[in-house]
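Asker: One structure coming up, written as structure tokens, with questions to follow.
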Amino acid sequence: MNIHEHQAKEILKEFGAPVSNGVVILSIDKINEEIKKLKSKEYVLKAQIHAGGRGKAGGVKLIKNIDELNIEAKNMMGKILITHQTGPEGKEVKRLYIEEASNIEKEFYLSCLIDRETSKIAFISSTEGGMDIEKVALETPNKIITNKIDFKKDGPTEIEIEKILEIFKFDNEQKKTAIKLIKSLYRIILEKDASLIEINPLIITKEKKLICLDAKMNFDDNAIFRRPEILKLRDLNEEDPAEIEASKHDLAYIKLNGTIGCMVNGAGLAMATMDIIKLYGKEPANFLDVGGGASKEKVAAAFKLILSDKNVKGILINIFGGIMRCDVLAQGVVDAAQETNLSVPLVVRLAGTNFMEGKKILDKSNLKILSASDLNDAAKKIVEAIK
């Protein structure tokens, strides 16, 4: 789960990290009232969307006075921002963040994340702040250092913190602040189930102060049930409506850009199904895992979800019945297909528990369903069908 920059900064502040003072604006007519809380005469106006690259898209502006702030805020609120992370459709700006401007002298990059490969916490440090870290890694990898540390209740050791910070060459006062920051990031990872915290840029001001000028946080969806305070920060306006609907039915669904809708049980089988669709020259429209023990109601919801995507020209259902019974799936598919007046080709491959019973249900449905003997056969048939 992602949150907005202003929310991430509130969490950083709660854990003692240095951030600029700022106010969030949900309505333009609240600006003059909210701005009184800030002490600066210059401001930075930031669009709040769940995507990077806002600055290049006109979503971050330095403002010299309140009159200019009101004009620029009116122009920015409701604007569609298109960045390298939003895709061509962009995202509508529905909230703004105004913070006190900083006199920037140097910019750095710092992040803290769960490294699943090693089961450690990784800190990534770079002197190239304000840039995409992927670009830095590609062009100047020597300007990035990564330190992976074991989980410890008391946080990283002094030696580990030294290694994380050595690339920055901070003076003594800056270093004291940076040490506290490293400990804060570590605590947020552990205590809030964050999976990523990115500070880009982390700056030194001309007054020699260390400040987190921008902040991004992601949280582990599987741990949200024990973090109600984080769940409250969820902004449904920033999420795909289909993915919101999927979460209501406990379906693992991610929308993609292809034309073949997929319904599969098991993440590994779902990935294999998507791969073989690509092998035969087409693109999957989604990742959808209905899980191991789905009811016919859940299957029906999944089927309707696939059909809600206007790009879908055909559907491939690939089920291996273990805990999941093929007859239950078949009945759910038939019910949903009849209810939605299915008008696109449907290929079904069933194997495992009660697959013969499931096949009979499909055959008796009078629906135009193509049966497949195996995954390879299924992929060939759906690709041919949508041609």
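In the structure tokens, each chain is lettered A, B, ... as it comes, each chain's residues begin at 1, and ligands are numbered from 1 in order of appearance.
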Could you give me, as a list in words, each residue of stretch 134-242 of chain A that DSSP assigns to strand (DSSP E) when run on this structure's backbone?

Answerer: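 Taking stretch 134-242 of chain A and keeping strand (DSSP E) only, one gets Ile144, Ile145, Thr146, Asn147, Lys148, Ile149, Ala194, Ser195, Leu196, Ile197, Glu198, Ile199, Asn200, Pro201, Leu202, Ile203, Ile204, Thr205, Leu210, Ile211, Cys212, Lys216, Met217, Asn218 and Phe219 of chain A.
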
Asker: Please produce an output containing C-alpha atoms for each residue in the selection, written as an mmCIF file, in the first residue's frame.

Answerer:
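Generated file (selection20.cif):
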data_model
loop_
_atom_site.group_PDB
_atom_site.id
_atom_site.type_symbol
_atom_site.label_atom_id
_atom_site.label_comp_id
_atom_site.auth_asym_id
_atom_site.auth_seq_id
_atom_site.Cartn_x
_atom_site.Cartn_y
_atom_site.Cartn_z
ATOM 1 C CA ILE A 144 25.697 4.254 -4.747
ATOM 2 C CA ILE A 145 26.457 2.107 -1.723
ATOM 3 C CA THR A 146 24.180 -0.604 -0.328
ATOM 4 C CA ASN A 147 24.434 -1.949 3.204
ATOM 5 C CA LYS A 148 22.362 -4.944 4.281
ATOM 6 C CA ILE A 149 21.905 -5.561 7.981
ATOM 7 C CA ALA A 194 6.874 -0.534 5.871
ATOM 8 C CA SER A 195 8.459 -2.308 2.918
ATOM 9 C CA LEU A 196 10.163 0.795 1.473
ATOM 10 C CA ILE A 197 11.091 4.264 2.725
ATOM 11 C CA GLU A 198 12.735 6.569 0.191
ATOM 12 C CA ILE A 199 14.123 10.026 0.943
ATOM 13 C CA ASN A 200 14.919 11.711 -2.356
ATOM 14 C CA PRO A 201 16.293 14.204 -1.947
ATOM 15 C CA LEU A 202 17.785 14.307 1.511
ATOM 16 C CA ILE A 203 19.280 17.796 1.576
ATOM 17 C CA ILE A 204 21.832 19.985 3.300
ATOM 18 C CA THR A 205 20.584 23.581 3.445
ATOM 19 C CA LEU A 210 19.847 18.165 7.248
ATOM 20 C CA ILE A 211 16.230 17.851 6.005
ATOM 21 C CA CYS A 212 14.119 15.124 4.348
ATOM 22 C CA LYS A 216 7.919 8.010 -0.208
ATOM 23 C CA MET A 217 6.654 5.038 1.811
ATOM 24 C CA ASN A 218 5.190 1.672 0.840
ATOM 25 C CA PHE A 219 3.645 -0.780 3.305
#

Asker: Which parts of stretch 287-331 of chain A does DSSP call helix (DSSP H, G or I) when run on the backbone here, written out as a PyMOL selection string?

Answerer: chain A and resi 296-307+326-331

Asker: Selection from above, all heavy atoms, as a short mmCIF file (atom, residue, chain, number, x, y, z; two decimals), in the first residue's frame, can you write it?

Answerer:
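Output saved as again15.cif:
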data_model
loop_
_atom_site.label_atom_id
_atom_site.label_comp_id
_atom_site.auth_asym_id
_atom_site.auth_seq_id
_atom_site.Cartn_x
_atom_site.Cartn_y
_atom_site.Cartn_z
N LYS A 296 -17.89 -20.42 -5.25
CA LYS A 296 -18.40 -20.08 -6.58
C LYS A 296 -18.75 -18.59 -6.65
O LYS A 296 -18.68 -17.97 -7.72
CB LYS A 296 -19.61 -20.94 -6.93
CG LYS A 296 -20.86 -20.70 -6.12
CD LYS A 296 -22.02 -21.56 -6.66
CE LYS A 296 -23.31 -21.27 -5.90
NZ LYS A 296 -24.45 -22.07 -6.44
N GLU A 297 -19.10 -17.98 -5.50
CA GLU A 297 -19.38 -16.55 -5.47
C GLU A 297 -18.11 -15.74 -5.74
O GLU A 297 -18.13 -14.73 -6.46
CB GLU A 297 -19.96 -16.14 -4.11
CG GLU A 297 -21.36 -16.64 -3.83
CD GLU A 297 -21.42 -18.11 -3.44
OE1 GLU A 297 -20.35 -18.67 -3.06
OE2 GLU A 297 -22.51 -18.71 -3.51
N LYS A 298 -17.00 -16.21 -5.19
CA LYS A 298 -15.72 -15.53 -5.39
C LYS A 298 -15.27 -15.67 -6.85
O LYS A 298 -14.76 -14.73 -7.45
CB LYS A 298 -14.66 -16.13 -4.45
CG LYS A 298 -13.34 -15.38 -4.42
CD LYS A 298 -12.44 -15.96 -3.33
CE LYS A 298 -11.11 -15.24 -3.26
NZ LYS A 298 -10.24 -15.80 -2.21
N VAL A 299 -15.48 -16.85 -7.40
CA VAL A 299 -15.14 -17.08 -8.81
C VAL A 299 -15.99 -16.18 -9.71
O VAL A 299 -15.49 -15.58 -10.67
CB VAL A 299 -15.35 -18.56 -9.18
CG1 VAL A 299 -15.25 -18.76 -10.69
CG2 VAL A 299 -14.33 -19.44 -8.46
N ALA A 300 -17.27 -16.08 -9.39
CA ALA A 300 -18.16 -15.22 -10.18
C ALA A 300 -17.71 -13.77 -10.12
O ALA A 300 -17.71 -13.05 -11.12
CB ALA A 300 -19.60 -15.36 -9.67
N ALA A 301 -17.30 -13.32 -8.92
CA ALA A 301 -16.81 -11.94 -8.76
C ALA A 301 -15.56 -11.72 -9.59
O ALA A 301 -15.38 -10.67 -10.23
CB ALA A 301 -16.53 -11.66 -7.28
N ALA A 302 -14.66 -12.72 -9.62
CA ALA A 302 -13.43 -12.63 -10.40
C ALA A 302 -13.75 -12.54 -11.89
O ALA A 302 -13.13 -11.75 -12.63
CB ALA A 302 -12.55 -13.84 -10.12
N PHE A 303 -14.71 -13.33 -12.33
CA PHE A 303 -15.09 -13.35 -13.74
C PHE A 303 -15.65 -11.98 -14.17
O PHE A 303 -15.30 -11.44 -15.22
CB PHE A 303 -16.13 -14.45 -13.96
CG PHE A 303 -16.33 -14.83 -15.40
CD1 PHE A 303 -15.45 -15.68 -16.04
CD2 PHE A 303 -17.40 -14.33 -16.11
CE1 PHE A 303 -15.64 -16.02 -17.37
CE2 PHE A 303 -17.61 -14.67 -17.44
CZ PHE A 303 -16.71 -15.52 -18.07
N LYS A 304 -16.51 -11.42 -13.33
CA LYS A 304 -17.09 -10.11 -13.63
C LYS A 304 -16.01 -9.03 -13.65
O LYS A 304 -16.07 -8.07 -14.43
CB LYS A 304 -18.16 -9.77 -12.60
CG LYS A 304 -19.41 -10.63 -12.68
CD LYS A 304 -20.35 -10.32 -11.53
CE LYS A 304 -21.53 -11.29 -11.50
NZ LYS A 304 -22.40 -11.06 -10.33
N LEU A 305 -15.04 -9.18 -12.77
CA LEU A 305 -13.94 -8.23 -12.70
C LEU A 305 -13.15 -8.21 -14.01
O LEU A 305 -12.82 -7.13 -14.53
CB LEU A 305 -13.01 -8.61 -11.54
CG LEU A 305 -12.01 -7.58 -11.04
CD1 LEU A 305 -12.72 -6.34 -10.52
CD2 LEU A 305 -11.15 -8.20 -9.94
N ILE A 306 -12.88 -9.38 -14.54
CA ILE A 306 -12.16 -9.47 -15.82
C ILE A 306 -12.96 -8.78 -16.92
O ILE A 306 -12.43 -8.01 -17.72
CB ILE A 306 -11.90 -10.94 -16.19
CG1 ILE A 306 -10.91 -11.57 -15.21
CG2 ILE A 306 -11.35 -11.05 -17.62
CD1 ILE A 306 -10.73 -13.07 -15.38
N LEU A 307 -14.26 -9.05 -16.95
CA LEU A 307 -15.11 -8.50 -18.00
C LEU A 307 -15.33 -6.99 -17.86
O LEU A 307 -15.76 -6.34 -18.82
CB LEU A 307 -16.46 -9.22 -18.01
CG LEU A 307 -16.44 -10.65 -18.55
CD1 LEU A 307 -17.79 -11.32 -18.34
CD2 LEU A 307 -16.07 -10.66 -20.03
N CYS A 326 -12.79 -28.18 -9.13
CA CYS A 326 -13.09 -27.72 -10.49
C CYS A 326 -14.59 -27.55 -10.73
O CYS A 326 -15.00 -26.68 -11.51
CB CYS A 326 -12.51 -28.70 -11.51
SG CYS A 326 -10.70 -28.72 -11.53
N ASP A 327 -15.44 -28.34 -10.06
CA ASP A 327 -16.88 -28.19 -10.25
C ASP A 327 -17.39 -26.88 -9.64
O ASP A 327 -18.29 -26.24 -10.19
CB ASP A 327 -17.64 -29.39 -9.69
CG ASP A 327 -17.33 -29.66 -8.23
OD1 ASP A 327 -16.21 -29.34 -7.78
OD2 ASP A 327 -18.21 -30.18 -7.52
N VAL A 328 -16.79 -26.48 -8.52
CA VAL A 328 -17.16 -25.21 -7.88
C VAL A 328 -16.80 -24.05 -8.81
O VAL A 328 -17.58 -23.12 -9.03
CB VAL A 328 -16.46 -25.05 -6.51
CG1 VAL A 328 -16.66 -23.64 -5.97
CG2 VAL A 328 -16.99 -26.08 -5.52
N LEU A 329 -15.60 -24.11 -9.36
CA LEU A 329 -15.17 -23.07 -10.29
C LEU A 329 -16.09 -23.02 -11.51
O LEU A 329 -16.53 -21.94 -11.92
CB LEU A 329 -13.74 -23.30 -10.75
CG LEU A 329 -13.34 -22.31 -11.86
CD1 LEU A 329 -12.19 -21.45 -11.44
CD2 LEU A 329 -13.08 -23.00 -13.16
N ALA A 330 -16.37 -24.18 -12.07
CA ALA A 330 -17.20 -24.23 -13.28
C ALA A 330 -18.57 -23.61 -13.04
O ALA A 330 -19.08 -22.85 -13.88
CB ALA A 330 -17.35 -25.68 -13.74
N GLN A 331 -19.18 -23.91 -11.89
CA GLN A 331 -20.50 -23.35 -11.59
C GLN A 331 -20.43 -21.84 -11.43
O GLN A 331 -21.32 -21.11 -11.89
CB GLN A 331 -21.08 -23.99 -10.32
CG GLN A 331 -22.55 -23.67 -10.11
CD GLN A 331 -23.42 -24.15 -11.27
OE1 GLN A 331 -23.43 -25.33 -11.62
NE2 GLN A 331 -24.14 -23.22 -11.91
#

Asker: Just checking: using only C-alpha atoms, which residue out of A:Gly59, A:Ile124, A:Asn237, A:Asn376 ends up closest to A:Val136?

Answerer: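 The answer is A:Ile124, which sits nearest to A:Val136.
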
Asker: List the neighbours of stretch 260-263 of chain A out to 9 Å using only C-alpha atoms; skip same-chain residues closer than 6 positions along the sequence, and give me the result as a compact mmCIF listing (two decimals) with N, CA and C atoms, in the first residue's frame.

Answerer:
# COMPACT_ATOMS: atom_id res chain seq x y z
N ALA A 270 -0.39 -18.66 -12.30
CA ALA A 270 -0.83 -17.42 -12.96
C ALA A 270 0.31 -16.81 -13.77
N THR A 273 0.84 -18.86 -16.86
CA THR A 273 -0.23 -18.60 -17.83
C THR A 273 0.03 -17.30 -18.59
N MET A 274 0.44 -16.26 -17.87
CA MET A 274 0.76 -14.98 -18.52
C MET A 274 1.94 -15.14 -19.48
N ILE A 277 0.90 -16.89 -22.76
CA ILE A 277 0.12 -15.99 -23.62
C ILE A 277 1.07 -15.11 -24.43
N LYS A 282 0.49 -12.65 -27.78
CA LYS A 282 -0.49 -11.71 -27.23
C LYS A 282 -0.08 -11.28 -25.82
N GLU A 283 -0.81 -10.34 -25.26
CA GLU A 283 -0.49 -9.80 -23.94
C GLU A 283 -1.63 -10.08 -22.96
N PRO A 284 -1.30 -10.46 -21.71
CA PRO A 284 -2.34 -10.65 -20.69
C PRO A 284 -2.95 -9.32 -20.27
N ALA A 285 -4.23 -9.33 -19.99
CA ALA A 285 -4.93 -8.11 -19.55
C ALA A 285 -4.86 -7.93 -18.04
N ASN A 286 -4.46 -9.00 -17.33
CA ASN A 286 -4.43 -8.91 -15.88
C ASN A 286 -3.66 -10.09 -15.28
N PHE A 287 -3.31 -9.91 -14.04
CA PHE A 287 -2.90 -11.02 -13.17
C PHE A 287 -4.08 -11.22 -12.23
N LEU A 288 -4.59 -12.45 -12.13
CA LEU A 288 -5.70 -12.70 -11.21
C LEU A 288 -5.56 -14.09 -10.62
N ASP A 289 -5.33 -14.13 -9.32
CA ASP A 289 -5.23 -15.38 -8.58
C ASP A 289 -6.45 -15.48 -7.66
N VAL A 290 -7.33 -16.45 -7.93
CA VAL A 290 -8.55 -16.58 -7.12
C VAL A 290 -8.29 -17.31 -5.80
N VAL A 299 -15.48 -16.85 -7.40
CA VAL A 299 -15.14 -17.08 -8.81
C VAL A 299 -15.99 -16.18 -9.71
N ALA A 302 -14.66 -12.72 -9.62
CA ALA A 302 -13.43 -12.63 -10.40
C ALA A 302 -13.75 -12.54 -11.89
N PHE A 303 -14.71 -13.33 -12.33
CA PHE A 303 -15.09 -13.35 -13.74
C PHE A 303 -15.65 -11.98 -14.17
N ILE A 306 -12.88 -9.38 -14.54
CA ILE A 306 -12.16 -9.47 -15.82
C ILE A 306 -12.96 -8.78 -16.92
N LEU A 307 -14.26 -9.05 -16.95
CA LEU A 307 -15.11 -8.50 -18.00
C LEU A 307 -15.33 -6.99 -17.86
N ASP A 309 -13.05 -4.90 -17.67
CA ASP A 309 -11.97 -4.29 -18.43
C ASP A 309 -12.36 -4.28 -19.91
N ASN A 311 -10.71 -3.59 -22.42
CA ASN A 311 -9.66 -4.06 -23.35
C ASN A 311 -9.70 -5.57 -23.56
N VAL A 312 -10.44 -6.28 -22.71
CA VAL A 312 -10.45 -7.74 -22.78
C VAL A 312 -11.22 -8.22 -24.01
N LYS A 313 -10.51 -8.98 -24.87
CA LYS A 313 -11.11 -9.53 -26.09
C LYS A 313 -11.36 -11.04 -25.98
N GLY A 314 -10.82 -11.65 -24.93
CA GLY A 314 -10.99 -13.07 -24.70
C GLY A 314 -10.52 -13.42 -23.30
N ILE A 315 -10.98 -14.57 -22.77
CA ILE A 315 -10.64 -14.96 -21.40
C ILE A 315 -10.07 -16.38 -21.40
N LEU A 316 -8.99 -16.54 -20.64
CA LEU A 316 -8.39 -17.86 -20.44
C LEU A 316 -8.48 -18.21 -18.96
N ILE A 317 -9.20 -19.30 -18.65
CA ILE A 317 -9.29 -19.79 -17.28
C ILE A 317 -8.43 -21.04 -17.18
N ASN A 318 -7.51 -21.03 -16.25
CA ASN A 318 -6.56 -22.14 -16.09
C ASN A 318 -6.56 -22.56 -14.62
N ILE A 319 -7.21 -23.68 -14.32
CA ILE A 319 -7.37 -24.10 -12.93
C ILE A 319 -6.80 -25.51 -12.72
N ILE A 382 -7.00 -19.62 -27.19
CA ILE A 382 -7.50 -18.28 -26.89
C ILE A 382 -6.88 -17.25 -27.82
N VAL A 383 -5.61 -17.43 -28.17
CA VAL A 383 -4.97 -16.50 -29.10
C VAL A 383 -5.62 -16.61 -30.47
N ILE A 386 -9.30 -14.97 -30.46
CA ILE A 386 -9.46 -13.51 -30.49
C ILE A 386 -8.98 -12.90 -31.81

Asker: Taking only C-alpha atoms into account, name the residue in A:Ile254, A:Ile121, A:Ile189, A:Met76 that is nearest to A:Glu160.

Answerer: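 Comparing A:Ile254, A:Ile121, A:Ile189, A:Met76 against A:Glu160, the winner is A:Ile121.
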
Asker: Between A:Ile98, A:Leu110, A:Ile28, A:Ile71, which has the minimum distance to A:Tyr43 (counting only C-alpha atoms)?

Answerer: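 Going through A:Ile98, A:Leu110, A:Ile28, A:Ile71 one by one, the smallest distance to A:Tyr43 is for A:Ile98.
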
Asker: Would you mind telling me which residue in A:Met356, A:Phe15, A:Ser119, A:Lys152 lies nearest to A:Lys180 when using only C-alpha atoms?

Answerer: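 Nearest candidate to A:Lys180 out of A:Met356, A:Phe15, A:Ser119, A:Lys152: A:Phe15.
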
Asker: Check the smallest atom-to-atom distance from each of A:Asp171, A:Asp214, A:Asp154, A:Glu357 to A:Gly321 using only C-alpha atoms, then report the winner.

Answerer: A:Glu357

Asker: Work out how far atom CA of A:Phe320 is from atom CA of A:Gly352, in Å to one decimal.

Answerer: 5.4 Å

Asker: Which residues come within 12 Å of A:Glu33, counting only C-alpha atoms, excluding same-chain residues fewer than 6 positions away, as a VMD selection string?

Answerer: chain A and resid 23 to 25 27 66 70

Asker: Excluding same-chain residues fewer than 2 positions from A:Leu185, what lies within 8 Å of it counting only C-alpha atoms, as a compact mmCIF listing (two decimals) with N, CA and C atoms, in the first residue's frame?

Answerer:
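This went into out-v8.txt:
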# COMPACT_ATOMS: atom_id res chain seq x y z
N LEU A 12 7.46 10.34 9.47
CA LEU A 12 8.87 10.65 9.73
C LEU A 12 8.99 11.59 10.94
N CYS A 112 15.53 2.93 2.65
CA CYS A 112 15.58 1.77 3.55
C CYS A 112 14.46 0.83 3.10
N LEU A 181 18.28 9.82 12.08
CA LEU A 181 17.43 9.52 10.93
C LEU A 181 17.49 8.04 10.57
N ILE A 182 18.69 7.48 10.53
CA ILE A 182 18.86 6.06 10.22
C ILE A 182 18.08 5.20 11.22
N LYS A 183 18.18 5.54 12.48
CA LYS A 183 17.47 4.79 13.52
C LYS A 183 15.95 4.94 13.37
N ARG A 187 13.19 1.95 12.65
CA ARG A 187 12.04 1.73 13.53
C ARG A 187 10.73 1.73 12.75
N ILE A 188 10.62 2.61 11.74
CA ILE A 188 9.40 2.66 10.93
C ILE A 188 9.21 1.35 10.17
N ILE A 189 10.31 0.82 9.62
CA ILE A 189 10.24 -0.47 8.92
C ILE A 189 9.69 -1.54 9.85
N ILE A 197 11.09 2.84 2.37
CA ILE A 197 11.09 4.26 2.72
C ILE A 197 12.17 4.90 1.87
